[in-house]
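A.B. asks: Here's a structure for you.
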Amino acid sequence: MILGMAIKPYRNVLIGLTLLCLILLAASAYLFFNDALAMRRAGFLSGPRGWHQARTPETAPTATGIRAWMTFDFINDIFDLPPDYLKNTLSIRAAAYPKLTVAQAAKLEGIPQDEFLLKVQAATASYSALTP
């Protein structure tokens, strides 16, 4: 009973502080998710890809965006290619595939980097054109 008497004068203060904390928490969550959504729309964040988040034609990557520093593993993931598609299409013999960059593969195959990059882009584009 003594404890109840000691808290009574501060009851309104406690309720007010609790409400203030809840309001600040809700405002922080709103601002966080609003900023995260804006960053995703601007292209700074990307979410997980799955059945719930299909790529739209506006956001789908194009084969011309492939660069020599990219690994085949990365390219396969970005363009949803089968794991050995580029290896078989381009006759890549390197054992390190797919953990190999386009530039490394060009060097190992003895092909100029720019020429090999164009072949990778063409093979990726042809696969993308065949699949919906």
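Each chain in the structure tokens gets a letter, A, B and so on, in the order shown; residues start at 1 in every chain, and ligands are counted from 1 in the order they appear.
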Applying 6 Å and only C-alpha atoms, which residues near range 58-73 of chain A remain after dropping the ones on its own chain fewer than 6 positions away? List them as a list in words.

C.D. replies: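 Final neighbour list, sorted by chain and number: Pro98, Lys99, Leu100, Thr101, Val102, Ala103, Gln121, Thr124 and Ala125 of chain A.
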
A.B. asks: Keeping N, CA and C atoms, export the residues of the selection given above as a PDB file, in the first residue's frame.

C.D. replies:
ATOM      1  N   PRO A  98      32.458 -20.478 -61.613  1.00  0.00           N
ATOM      2  CA  PRO A  98      31.988 -19.129 -61.904  1.00  0.00           C
ATOM      3  C   PRO A  98      32.625 -18.055 -61.030  1.00  0.00           C
ATOM      4  N   LYS A  99      33.588 -18.400 -60.191  1.00  0.00           N
ATOM      5  CA  LYS A  99      34.243 -17.413 -59.324  1.00  0.00           C
ATOM      6  C   LYS A  99      35.379 -16.716 -60.080  1.00  0.00           C
ATOM      7  N   LEU A 100      35.117 -16.370 -61.295  1.00  0.00           N
ATOM      8  CA  LEU A 100      36.109 -15.826 -62.215  1.00  0.00           C
ATOM      9  C   LEU A 100      35.525 -14.568 -62.835  1.00  0.00           C
ATOM     10  N   THR A 101      36.312 -13.514 -62.931  1.00  0.00           N
ATOM     11  CA  THR A 101      35.809 -12.296 -63.568  1.00  0.00           C
ATOM     12  C   THR A 101      35.864 -12.458 -65.078  1.00  0.00           C
ATOM     13  N   VAL A 102      35.131 -11.622 -65.761  1.00  0.00           N
ATOM     14  CA  VAL A 102      35.146 -11.634 -67.219  1.00  0.00           C
ATOM     15  C   VAL A 102      36.553 -11.325 -67.722  1.00  0.00           C
ATOM     16  N   ALA A 103      37.229 -10.390 -67.084  1.00  0.00           N
ATOM     17  CA  ALA A 103      38.587 -10.026 -67.488  1.00  0.00           C
ATOM     18  C   ALA A 103      39.552 -11.197 -67.311  1.00  0.00           C
ATOM     19  N   GLN A 121      28.175 -10.289 -73.199  1.00  0.00           N
ATOM     20  CA  GLN A 121      26.963  -9.467 -73.291  1.00  0.00           C
ATOM     21  C   GLN A 121      25.983 -10.049 -74.308  1.00  0.00           C
ATOM     22  N   THR A 124      24.393 -13.281 -72.940  1.00  0.00           N
ATOM     23  CA  THR A 124      23.422 -12.954 -71.895  1.00  0.00           C
ATOM     24  C   THR A 124      22.148 -12.366 -72.500  1.00  0.00           C
ATOM     25  N   ALA A 125      22.324 -11.486 -73.462  1.00  0.00           N
ATOM     26  CA  ALA A 125      21.157 -10.874 -74.115  1.00  0.00           C
ATOM     27  C   ALA A 125      20.340 -11.922 -74.865  1.00  0.00           C
TER      28      ALA A 125
END

A.B. asks: Could you give me, as a list in words, the residues within 9 Å of Leu108 in chain A, counting only C-alpha atoms and dropping anything in the same chain fewer than 5 positions from it?

C.D. replies: Ile92, Arg93, Ala94 and Ala103 of chain A

A.B. asks: When you draw a straight line from CA of Thr18 in chain A to CA of Leu37 in chain A, how long is it in Å?

C.D. replies: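 Distance reported for this atom pair: 28.6 Å.
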